[in-house]
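> Supplied structure: model-v2.txt, compact mmCIF, C-alpha atoms and all ligand atoms.
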# COMPACT_ATOMS: atom_id res chain seq x y z
CA MET A 1 104.86 91.49 82.23
CA LEU A 2 106.47 88.60 84.14
CA ILE A 3 108.24 89.27 87.42
CA LEU A 4 110.42 86.86 89.32
CA GLY A 5 109.99 87.50 93.05
CA ILE A 6 112.64 86.38 95.56
CA GLU A 7 112.31 86.35 99.36
CA THR A 8 114.94 85.22 101.90
CA SER A 9 114.51 87.63 104.81
CA CYS A 10 114.22 85.04 107.59
CA ASP A 11 113.73 81.29 107.43
CA GLU A 12 111.81 80.67 104.20
CA THR A 13 113.60 80.47 100.87
CA ALA A 14 110.97 81.56 98.38
CA ALA A 15 110.59 82.36 94.68
CA ALA A 16 107.48 83.16 92.65
CA VAL A 17 106.48 84.21 89.19
CA ILE A 18 103.91 87.00 88.99
CA TYR A 19 102.14 87.94 85.81
CA GLY A 20 100.91 91.51 85.71
CA GLU A 21 98.59 92.92 83.10
CA LYS A 22 96.82 96.30 83.17
CA GLY A 23 97.55 96.77 86.85
CA VAL A 24 96.26 93.35 87.87
CA PRO A 25 98.81 90.88 89.28
CA SER A 26 98.24 87.14 89.32
CA VAL A 27 100.36 84.31 90.69
CA ARG A 28 101.86 81.94 88.08
CA SER A 29 103.89 80.03 90.67
CA ASN A 30 104.75 80.33 94.34
CA VAL A 31 107.46 78.07 95.77
CA ILE A 32 108.52 78.08 99.42
CA ALA A 33 111.27 75.93 100.94
CA SER A 34 110.43 76.11 104.62
CA GLN A 35 113.12 75.66 107.27
CA ILE A 36 110.58 74.99 110.03
CA LYS A 37 111.71 71.38 110.51
CA ILE A 38 115.30 72.57 111.04
CA HIS A 39 114.47 75.42 113.44
CA GLU A 40 112.00 73.28 115.39
CA LYS A 41 114.98 71.58 117.02
CA THR A 42 116.26 74.87 118.48
CA GLY A 43 112.79 76.33 119.14
CA GLY A 44 113.61 79.35 116.95
CA VAL A 45 115.72 80.59 114.06
CA VAL A 46 119.51 80.38 114.37
CA PRO A 47 120.67 82.99 111.80
CA GLU A 48 123.80 81.09 110.76
CA VAL A 49 121.79 77.91 110.13
CA ALA A 50 119.10 79.81 108.20
CA ALA A 51 121.75 81.51 106.04
CA ARG A 52 123.34 78.22 105.07
CA GLU A 53 119.98 76.75 104.10
CA HIS A 54 119.18 79.75 101.89
CA VAL A 55 122.44 79.25 100.00
CA ILE A 56 121.57 75.59 99.40
CA LYS A 57 117.94 76.18 98.41
CA ILE A 58 117.85 79.43 96.46
CA ILE A 59 118.71 78.12 92.98
CA PRO A 60 116.52 74.96 93.15
CA VAL A 61 113.62 77.08 94.46
CA ILE A 62 113.94 79.59 91.59
CA ALA A 63 114.19 76.72 89.09
CA GLN A 64 111.03 75.17 90.56
CA ALA A 65 109.15 78.49 90.38
CA LEU A 66 110.06 78.87 86.69
CA HIS A 67 109.11 75.25 86.02
CA ASP A 68 105.74 75.61 87.78
CA ALA A 69 105.01 78.78 85.82
CA ASN A 70 106.03 76.98 82.63
CA ILE A 71 108.46 79.69 81.56
CA GLU A 72 112.16 80.04 80.94
CA LEU A 73 114.43 82.46 82.74
CA LYS A 74 114.91 84.51 79.57
CA ASN A 75 111.15 85.30 79.52
CA ILE A 76 111.31 87.14 82.84
CA ASP A 77 110.87 90.91 82.42
CA ALA A 78 112.06 92.04 85.85
CA ILE A 79 113.36 90.67 89.14
CA ALA A 80 112.08 91.79 92.55
CA ALA A 81 113.76 90.80 95.80
CA THR A 82 113.45 91.64 99.49
CA TYR A 83 116.14 94.07 100.72
CA GLY A 84 114.93 94.24 104.37
CA PRO A 85 113.95 94.24 107.14
CA GLY A 86 115.17 90.81 108.20
CA LEU A 87 118.25 88.83 109.16
CA ILE A 88 121.16 90.27 107.23
CA SER A 89 122.81 86.88 106.70
CA SER A 90 119.55 85.59 105.20
CA LEU A 91 118.75 88.69 103.14
CA VAL A 92 122.07 88.70 101.31
CA THR A 93 121.42 85.35 99.60
CA GLY A 94 118.27 86.63 97.91
CA GLY A 95 119.83 90.05 97.28
CA VAL A 96 122.98 88.72 95.64
CA THR A 97 121.05 86.14 93.59
CA ALA A 98 118.63 88.79 92.32
CA SER A 99 121.45 91.24 91.53
CA THR A 100 123.34 88.53 89.62
CA LEU A 101 120.27 87.51 87.61
CA SER A 102 119.58 91.15 86.77
CA ALA A 103 123.14 91.63 85.52
CA VAL A 104 123.26 88.39 83.53
CA LEU A 105 119.79 88.73 82.01
CA ASN A 106 120.05 92.47 81.50
CA LYS A 107 116.70 92.97 83.24
CA PRO A 108 115.50 95.60 85.76
CA LEU A 109 115.98 94.91 89.46
CA ILE A 110 113.35 96.03 91.99
CA PRO A 111 114.28 96.11 95.70
CA VAL A 112 111.20 95.42 97.87
CA ASN A 113 110.60 96.12 101.54
CA HIS A 114 109.45 92.96 103.32
CA ILE A 115 106.60 94.65 105.21
CA GLU A 116 105.47 96.34 102.02
CA GLY A 117 105.46 92.84 100.51
CA HIS A 118 103.09 91.63 103.23
CA ILE A 119 100.85 94.63 102.57
CA TYR A 120 100.73 93.81 98.86
CA SER A 121 99.71 90.20 99.55
CA ASN A 122 96.17 91.59 99.72
CA PHE A 123 96.53 93.14 96.27
CA ILE A 124 96.85 89.77 94.53
CA GLY A 125 93.59 89.34 92.65
CA ASN A 126 92.09 92.45 94.32
CA SER A 127 92.14 96.14 93.55
CA PRO A 128 91.57 97.71 96.97
CA LYS A 129 89.91 101.08 97.30
CA PHE A 130 92.10 103.59 99.15
CA PRO A 131 92.44 104.62 101.90
CA VAL A 132 92.92 101.26 103.59
CA MET A 133 93.60 100.50 107.27
CA ILE A 134 96.12 97.66 107.54
CA LEU A 135 97.18 95.57 110.51
CA THR A 136 100.50 94.00 109.55
CA VAL A 137 101.44 91.48 112.17
CA SER A 138 104.25 88.97 112.03
CA GLY A 139 107.12 87.58 114.04
CA GLY A 140 109.19 90.71 113.56
CA HIS A 141 106.69 93.51 113.06
CA ASN A 142 103.38 94.70 114.40
CA ASP A 143 102.07 97.89 112.81
CA LEU A 144 98.84 99.72 112.14
CA ILE A 145 99.21 101.43 108.79
CA LEU A 146 96.97 103.91 107.06
CA MET A 147 97.61 103.38 103.37
CA LYS A 148 96.41 106.37 101.39
CA ASP A 149 97.49 105.28 97.93
CA HIS A 150 100.04 102.96 96.35
CA PHE A 151 103.26 103.33 98.39
CA LYS A 152 101.79 106.16 100.51
CA TYR A 153 101.65 105.14 104.14
CA GLU A 154 101.20 106.62 107.57
CA VAL A 155 102.23 104.35 110.43
CA ILE A 156 99.74 105.17 113.18
CA GLY A 157 100.63 102.39 115.61
CA GLU A 158 103.49 100.02 116.37
CA THR A 159 104.61 97.71 119.13
CA ILE A 160 106.67 99.18 121.92
CA ASP A 161 108.23 95.79 122.68
CA ASP A 162 107.43 92.39 121.11
CA ALA A 163 105.41 91.77 117.95
CA ALA A 164 102.35 89.51 118.37
CA GLY A 165 103.97 86.71 116.34
CA GLU A 166 107.01 86.87 118.62
CA ALA A 167 104.64 86.66 121.62
CA PHE A 168 103.01 83.57 120.08
CA ASP A 169 106.45 82.02 119.52
CA LYS A 170 107.65 82.79 123.07
CA GLY A 171 104.28 81.78 124.53
CA ALA A 172 104.45 78.43 122.74
CA ARG A 173 107.90 77.82 124.15
CA ILE A 174 106.61 78.53 127.68
CA LEU A 175 103.77 76.06 127.04
CA GLY A 176 106.18 73.45 125.69
CA LEU A 177 104.67 73.65 122.19
CA SER A 178 106.49 73.49 118.87
CA TYR A 179 107.94 76.24 116.65
CA PRO A 180 106.50 78.35 115.08
CA GLY A 181 104.29 79.19 118.03
CA GLY A 182 101.31 80.76 116.23
CA PRO A 183 99.96 77.66 114.51
CA ALA A 184 100.92 75.52 117.54
CA ILE A 185 98.94 77.74 119.95
CA GLN A 186 96.00 77.93 117.54
CA LYS A 187 95.89 74.14 117.45
CA ALA A 188 96.37 73.72 121.21
CA ALA A 189 93.57 76.25 121.83
CA GLU A 190 90.99 74.17 119.92
CA GLY A 191 88.18 73.26 122.29
CA GLY A 192 89.70 75.39 125.07
CA ASN A 193 87.84 78.11 127.02
CA PRO A 194 89.21 81.51 125.89
CA HIS A 195 87.83 83.17 129.03
CA ALA A 196 89.27 80.71 131.55
CA TYR A 197 92.23 82.99 132.37
CA ASN A 198 92.18 86.76 132.22
CA LEU A 199 95.54 87.62 130.66
CA PRO A 200 96.70 91.24 130.09
CA ARG A 201 95.95 92.97 126.78
CA GLY A 202 98.77 95.54 127.09
CA LEU A 203 98.44 99.31 126.65
CA MET A 204 94.66 99.19 126.38
CA GLY A 205 92.33 102.05 127.28
CA ALA A 206 93.59 104.47 129.92
CA ARG A 207 97.23 103.38 129.69
CA ALA A 208 97.29 103.94 125.95
CA LYS A 209 95.68 107.36 126.34
CA SER A 210 98.16 108.45 129.01
CA ARG A 211 101.02 107.25 126.84
CA ALA A 212 99.57 109.24 123.95
CA LYS A 213 99.47 112.35 126.13
CA THR A 214 103.10 111.91 127.21
CA ARG A 215 104.17 111.57 123.59
CA GLU A 216 102.07 114.56 122.60
CA LYS A 217 103.73 116.67 125.29
CA ALA A 218 107.10 115.56 123.99
CA GLY A 219 106.15 117.09 120.64
CA LYS A 220 105.50 113.80 118.89
CA ALA A 221 102.63 113.35 116.42
CA LEU A 222 99.18 113.83 117.94
CA ASP A 223 98.10 110.22 117.58
CA ALA A 224 101.39 108.70 118.62
CA GLY A 225 100.87 106.11 121.29
CA GLU A 226 97.10 105.84 120.96
CA PHE A 227 97.36 102.89 118.61
CA ASP A 228 100.54 101.31 119.91
CA PHE A 229 100.78 97.70 121.07
CA SER A 230 102.62 95.90 123.86
CA PHE A 231 102.94 92.14 124.25
CA SER A 232 105.71 91.70 126.80
CA GLY A 233 103.27 91.83 129.76
CA LEU A 234 101.18 89.06 128.24
CA LYS A 235 104.23 86.85 127.85
CA THR A 236 105.31 87.48 131.48
CA ALA A 237 101.78 86.81 132.76
CA LEU A 238 101.76 83.49 130.92
CA LEU A 239 105.12 82.57 132.40
CA ARG A 240 103.92 83.38 135.95
CA LEU A 241 100.75 81.36 135.40
CA ILE A 242 102.69 78.31 134.24
CA GLU A 243 105.23 78.71 137.07
CA LYS A 244 102.36 78.65 139.59
CA GLY A 245 101.30 75.34 138.05
CA VAL A 246 98.42 74.56 135.72
CA PRO A 247 96.89 71.08 135.53
CA LYS A 248 97.65 69.32 132.25
CA GLU A 249 93.98 69.15 131.30
CA SER A 250 93.74 72.97 131.53
CA LEU A 251 96.53 73.64 129.03
CA LYS A 252 94.06 74.05 126.17
CA ASP A 253 92.25 76.71 128.24
CA VAL A 254 95.57 78.51 128.81
CA ALA A 255 96.37 78.39 125.08
CA ALA A 256 92.86 79.62 124.22
CA SER A 257 93.09 82.45 126.78
CA PHE A 258 96.51 83.49 125.47
CA GLN A 259 95.21 83.51 121.90
CA GLU A 260 92.13 85.45 123.02
CA ALA A 261 94.23 88.12 124.77
CA SER A 262 96.59 88.61 121.79
CA CYS A 263 93.78 88.75 119.25
CA ASP A 264 91.75 91.06 121.49
CA ALA A 265 94.67 93.51 121.79
CA LEU A 266 95.24 93.47 118.02
CA SER A 267 91.62 93.72 116.94
CA GLU A 268 90.60 96.32 119.53
CA ARG A 269 93.28 98.75 118.31
CA LEU A 270 92.42 98.03 114.68
CA ILE A 271 88.73 98.77 115.24
CA GLN A 272 89.53 102.01 117.12
CA ALA A 273 91.77 103.10 114.24
CA VAL A 274 89.10 102.25 111.65
CA GLN A 275 86.58 104.28 113.63
CA LYS A 276 88.90 107.26 113.81
CA TYR A 277 90.13 107.36 110.21
CA LYS A 278 87.84 107.35 107.21
CA VAL A 279 88.86 104.25 105.28
CA HIS A 280 87.25 102.14 102.58
CA GLU A 281 88.76 98.76 103.46
CA VAL A 282 90.31 96.89 106.38
CA HIS A 283 93.23 94.51 105.77
CA LEU A 284 95.10 91.94 107.85
CA ALA A 285 98.56 90.91 106.63
CA GLY A 286 101.62 88.99 107.83
CA GLY A 287 102.06 85.59 109.47
CA VAL A 288 99.63 86.20 112.35
CA SER A 289 96.85 87.07 109.87
CA ALA A 290 96.72 83.30 109.28
CA ASN A 291 95.14 82.99 112.73
CA LYS A 292 91.51 81.92 112.41
CA HIS A 293 90.52 83.35 115.79
CA LEU A 294 91.95 86.78 114.86
CA ARG A 295 90.09 86.81 111.54
CA GLU A 296 86.82 85.91 113.22
CA MET A 297 87.30 88.34 116.09
CA VAL A 298 87.98 91.26 113.74
CA ARG A 299 84.95 90.33 111.64
CA GLN A 300 82.76 90.13 114.76
CA LYS A 301 84.04 93.39 116.24
CA MET A 302 83.50 95.19 112.93
CA GLN A 303 79.94 93.89 112.86
CA ASP A 304 79.32 94.85 116.51
CA ALA A 305 80.64 98.35 115.84
CA GLY A 306 78.48 98.69 112.72
CA ILE A 307 81.52 98.92 110.42
CA ASP A 308 80.32 97.80 107.02
CA LEU A 309 83.59 97.66 105.09
CA PRO A 310 85.37 94.90 103.16
CA LEU A 311 87.72 92.90 105.39
CA ARG A 312 90.59 91.32 103.45
CA TYR A 313 93.34 88.93 104.39
CA PRO A 314 95.15 86.41 102.20
CA GLU A 315 92.75 83.45 101.99
CA ASN A 316 95.67 81.19 101.23
CA ILE A 317 97.76 80.68 104.39
CA SER A 318 100.95 80.47 102.30
CA LEU A 319 100.39 84.11 101.31
CA CYS A 320 100.08 85.21 104.98
CA THR A 321 103.46 83.88 106.07
CA ASP A 322 106.67 84.74 104.23
CA ASN A 323 106.49 84.12 100.48
CA ALA A 324 107.81 85.57 97.25
CA ALA A 325 104.45 86.09 95.50
CA MET A 326 103.90 89.14 97.72
CA ILE A 327 107.40 90.43 96.85
CA GLY A 328 106.79 89.99 93.11
CA THR A 329 103.42 91.75 93.48
CA ALA A 330 104.87 94.74 95.37
CA GLY A 331 107.65 94.82 92.75
CA TYR A 332 105.09 94.87 89.95
CA PHE A 333 103.28 97.89 91.41
CA GLN A 334 106.58 99.68 92.02
CA TYR A 335 107.55 99.10 88.42
CA LEU A 336 104.18 100.40 87.17
CA LYS A 337 104.59 103.53 89.25
CA ASN A 338 108.02 104.37 87.96
CA PRO A 339 109.38 102.02 85.25
CA GLY A 340 112.36 104.27 84.52
CA LYS A 341 113.60 104.02 88.09
CA PHE A 342 114.65 100.39 87.91
CA ARG A 343 117.77 99.73 85.94
CA LYS A 344 119.51 96.52 85.11
CA ASN A 345 122.90 95.94 86.64
CA GLN A 346 121.89 97.46 89.95
CA LYS A 347 122.50 95.69 93.20
CA ILE A 348 120.26 95.16 96.19
CA GLU A 349 121.45 96.96 99.33
CA CYS A 350 120.34 94.62 102.12
CA THR A 351 119.26 96.49 105.24
CA PRO A 352 118.30 94.57 108.42
CA ASN A 353 116.25 97.41 109.98
CA ALA A 354 114.73 98.82 106.82
CA PHE A 355 111.50 100.71 107.07
CA PHE A 356 109.44 102.22 104.33
CA SER A 357 107.81 105.63 104.06
O1 LIG A 401 105.25 86.92 108.22
P1 LIG A 401 105.98 85.80 108.87
O2 LIG A 401 106.03 84.49 108.16
O3 LIG A 401 107.48 86.19 109.19
C1 LIG A 401 107.87 87.47 109.63
O4 LIG A 401 107.91 88.38 108.79
O5 LIG A 401 108.11 87.58 110.86
O6 LIG A 401 105.35 85.59 110.30
C2 LIG A 401 105.78 84.58 111.16
C3 LIG A 401 105.01 84.70 112.44
C4 LIG A 401 105.51 83.72 113.51
O7 LIG A 401 105.74 84.43 114.70
C5 LIG A 401 104.36 82.74 113.64
O8 LIG A 401 104.23 82.19 114.94
C6 LIG A 401 103.17 83.59 113.27
O9 LIG A 401 103.63 84.41 112.23
N1 LIG A 401 102.04 82.79 112.80
C7 LIG A 401 100.86 82.72 113.45
C8 LIG A 401 100.07 81.76 112.75
N2 LIG A 401 100.79 81.32 111.68
C9 LIG A 401 102.00 81.94 111.73
N3 LIG A 401 100.43 83.34 114.55
C10 LIG A 401 99.20 83.05 115.00
N4 LIG A 401 98.39 82.13 114.40
C11 LIG A 401 98.77 81.48 113.28
N5 LIG A 401 97.97 80.60 112.71
ZN ZN A 402 107.17 88.34 107.07
Could you quickly redo this structure as structure tokens?


Amino acid sequence: MLILGIETSCDETAAAVIYGEKGVPSVRSNVIASQIKIHEKTGGVVPEVAAREHVIKIIPVIAQALHDANIELKNIDAIAATYGPGLISSLVTGGVTASTLSAVLNKPLIPVNHIEGHIYSNFIGNSPKFPVMILTVSGGHNDLILMKDHFKYEVIGETIDDAAGEAFDKGARILGLSYPGGPAIQKAAEGGNPHAYNLPRGLMGARAKSRAKTREKAGKALDAGEFDFSFSGLKTALLRLIEKGVPKESLKDVAASFQEASCDALSERLIQAVQKYKVHEVHLAGGVSANKHLREMVRQKMQDAGIDLPLRYPENISLCTDNAAMIGTAGYFQYLKNPGKFRKNQKIECTPNAFFS
């Protein structure tokens, strides 16, 4: 079957055509109109500006995706679009467009959770063996998820303040680098000494354990807290360091140390979780999974800990950051699970704080 995926949760207007056969999805086209150049000027996303851009770009982007896939709109079997989480004024453009197409074409409409989309980016061209331990890490979310089967998740860790991508974005702003911060810091860190500055890792070791105990006493789940993240201390430490004054030639060491601290915090928790839960695969997903240092660090830590499991992340950077191929893929698997559930003429209820279960 052919699925048109649509994604407009933040600042990328994206459409993709996914072809699914016998449970295996493949990408026929994947078009992304990035707003980075626009948001660079403000150092971050201005929701009103993003919303306007989505309205301008959504139809040309869908037309391009169909053209690249060499198909006509009438050949599409279903439409999948992000319903949340994200910026409500951005989400509605994709939601309304998808609902309209579904009504006009008389085709099923599949609402997809954005984070679930990121998770399914590792299912393109792969058939992972469950259970899988997934680190989903982006600008807006930072979770450790134990995925037991298709659409069966247990969130075992989350951030108590900023997501790592947000920390990269704020860190880049402190360092006077461009938006988005992740790729800018990765570039600035090239050739820098990652151990030059000892920046905080947040909630590591004893602090995490004591937080887990407090949560346990409060009647929360046993593991709550043990795998949580915190990045606000890292951001503050960077700010203090820069305020004290760092010579210009040491900026690459600061960027490398910041990247090291973030990746260390992420990978350490991931490895602990993999050691605790019996899983068959380890996945990285979301914008920050594009980070080369993170990928290498996780690989190295798995090796050091004697963890001989497949490590997957989207090889193609455009599948790490926001895209519609992941939305079409998640939509495909949802449809396979329950084809009768998705009717034509539905509408997408956009939800800014949506979470999946
Ligand atoms: O998944 P995504 O495109 O959007 C959200 O769902 O939030 O992730 C965007 C985030 C941004 O914070 C960006 O700085 C970060 O991913 N990012 C990176 C890299 N590429 C993008 N962070 C670290 N290293 C990268 N190479
Ligand atoms: Zn995302």

> Tell me which of A:Ser178, A:Thr159, A:Gln334, A:Asn70 sits closest to Thr136 in chain A, counting all atoms listed in the file.

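Among the listed residues, the smallest separation from Thr136 in chain A belongs to A:Thr159.
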
> Pull the closest atom pair for each residue of chain A that gets at most 10 Å from ligand LIG 401 (chain A), along with the distance in Å to one decimal, counting only C-alpha atoms and all ligand atoms, ordering rows by chain and then ascending residue number, as a tab-separated table.


residue	atom	partner	partner_atom	distance
A:Ser9	CA	A:LIG401	O4	7.7
A:Cys10	CA	A:LIG401	O3	7.0
A:Asp11	CA	A:LIG401	O3	8.1
A:Glu12	CA	A:LIG401	O2	8.0
A:Gly44	CA	A:LIG401	O7	9.6
A:Pro85	CA	A:LIG401	O4	8.6
A:Gly86	CA	A:LIG401	O4	7.7
A:His114	CA	A:LIG401	O4	7.3
A:Ile115	CA	A:LIG401	O4	7.3
A:Gly117	CA	A:LIG401	O4	9.7
A:His118	CA	A:LIG401	O1	7.2
A:Thr136	CA	A:LIG401	O1	8.6
A:Val137	CA	A:LIG401	O1	7.1
A:Ser138	CA	A:LIG401	O6	4.0
A:Gly139	CA	A:LIG401	O5	3.3
A:Gly140	CA	A:LIG401	O5	4.3
A:His141	CA	A:LIG401	O5	6.5
A:Asn142	CA	A:LIG401	O5	9.3
A:Ala163	CA	A:LIG401	O7	8.0
A:Ala164	CA	A:LIG401	O7	7.1
A:Gly165	CA	A:LIG401	O7	3.3
A:Glu166	CA	A:LIG401	O7	4.8
A:Ala167	CA	A:LIG401	O7	7.4
A:Phe168	CA	A:LIG401	O8	5.5
A:Asp169	CA	A:LIG401	O8	5.1
A:Lys170	CA	A:LIG401	O7	8.7
A:Gly171	CA	A:LIG401	O8	9.6
A:Ala172	CA	A:LIG401	O8	8.7
A:Ser178	CA	A:LIG401	O8	9.8
A:Tyr179	CA	A:LIG401	O8	7.2
A:Pro180	CA	A:LIG401	O8	4.5
A:Gly181	CA	A:LIG401	O8	4.3
A:Gly182	CA	A:LIG401	N3	3.2
A:Pro183	CA	A:LIG401	N5	4.0
A:Ala184	CA	A:LIG401	N5	7.6
A:Ile185	CA	A:LIG401	N4	7.1
A:Gln186	CA	A:LIG401	N4	5.8
A:Lys187	CA	A:LIG401	N5	8.3
A:Gln259	CA	A:LIG401	C10	8.0
A:Ser262	CA	A:LIG401	C10	9.2
A:Cys263	CA	A:LIG401	C10	8.9
A:Ala285	CA	A:LIG401	O1	8.0
A:Gly286	CA	A:LIG401	O1	4.2
A:Gly287	CA	A:LIG401	O9	3.4
A:Val288	CA	A:LIG401	N3	3.7
A:Ser289	CA	A:LIG401	C11	6.8
A:Ala290	CA	A:LIG401	N5	4.5
A:Asn291	CA	A:LIG401	N5	3.7
A:Lys292	CA	A:LIG401	N5	6.6
A:His293	CA	A:LIG401	N4	8.1
A:Leu294	CA	A:LIG401	N4	8.0
A:Arg295	CA	A:LIG401	N4	9.9
A:Ile317	CA	A:LIG401	N2	7.9
A:Ser318	CA	A:LIG401	O2	8.7
A:Leu319	CA	A:LIG401	O2	8.9
A:Cys320	CA	A:LIG401	O1	6.3
A:Thr321	CA	A:LIG401	O2	3.4
A:Asp322	CA	A:LIG401	O2	4.0
A:Asn323	CA	A:LIG401	O2	7.7

> Between CA of His195 in chain A and CA of Glu249 in chain A, what is the spacing in Å?

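So the two atoms, CA of Glu249 in chain A and CA of His195 in chain A, lie 15.5 Å apart.
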
> Counting only C-alpha atoms, figure out which residue out of A:Ser267, A:Gln35, A:Gln272, A:Ser26 gets nearest to Val298 in chain A.

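Among the listed residues, A:Ser267 lies closest to Val298 in chain A.
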
> Which neighbours of Gly20 in chain A fall inside 8 Å, counting only C-alpha atoms, when residues of the same chain fewer than 5 positions from it are skipped, and could you give them as an NGL selection string?

:A and (1-3 or 25-26 or 332)

> Next, dump the selected residues to file, keeping only C-alpha atoms, as a JSON list (two decimals), in the frame of the given file.


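Result file follows (part.json):
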[["chain", "number", "residue", "atom", "x", "y", "z"],
["A", 1, "MET", "CA", 104.86, 91.49, 82.23],
["A", 2, "LEU", "CA", 106.47, 88.60, 84.14],
["A", 3, "ILE", "CA", 108.24, 89.27, 87.42],
["A", 25, "PRO", "CA", 98.81, 90.88, 89.28],
["A", 26, "SER", "CA", 98.24, 87.14, 89.32],
["A", 332, "TYR", "CA", 105.09, 94.87, 89.95]]

> Box in all listed atoms of range 26-38 of chain A, axis-aligned, with 4 Å more on each side; write out centre and edge lengths in Å to one decimal as AutoDock Vina command-line options.


--center_x 106.8 --center_y 79.3 --center_z 99.6 --size_x 25.1 --size_y 23.8 --size_z 31.0

> Go ahead and compute the interatomic distance for CA of Leu105 in chain A and CA of Ala51 in chain A, in Å to one decimal.

25.2 Å
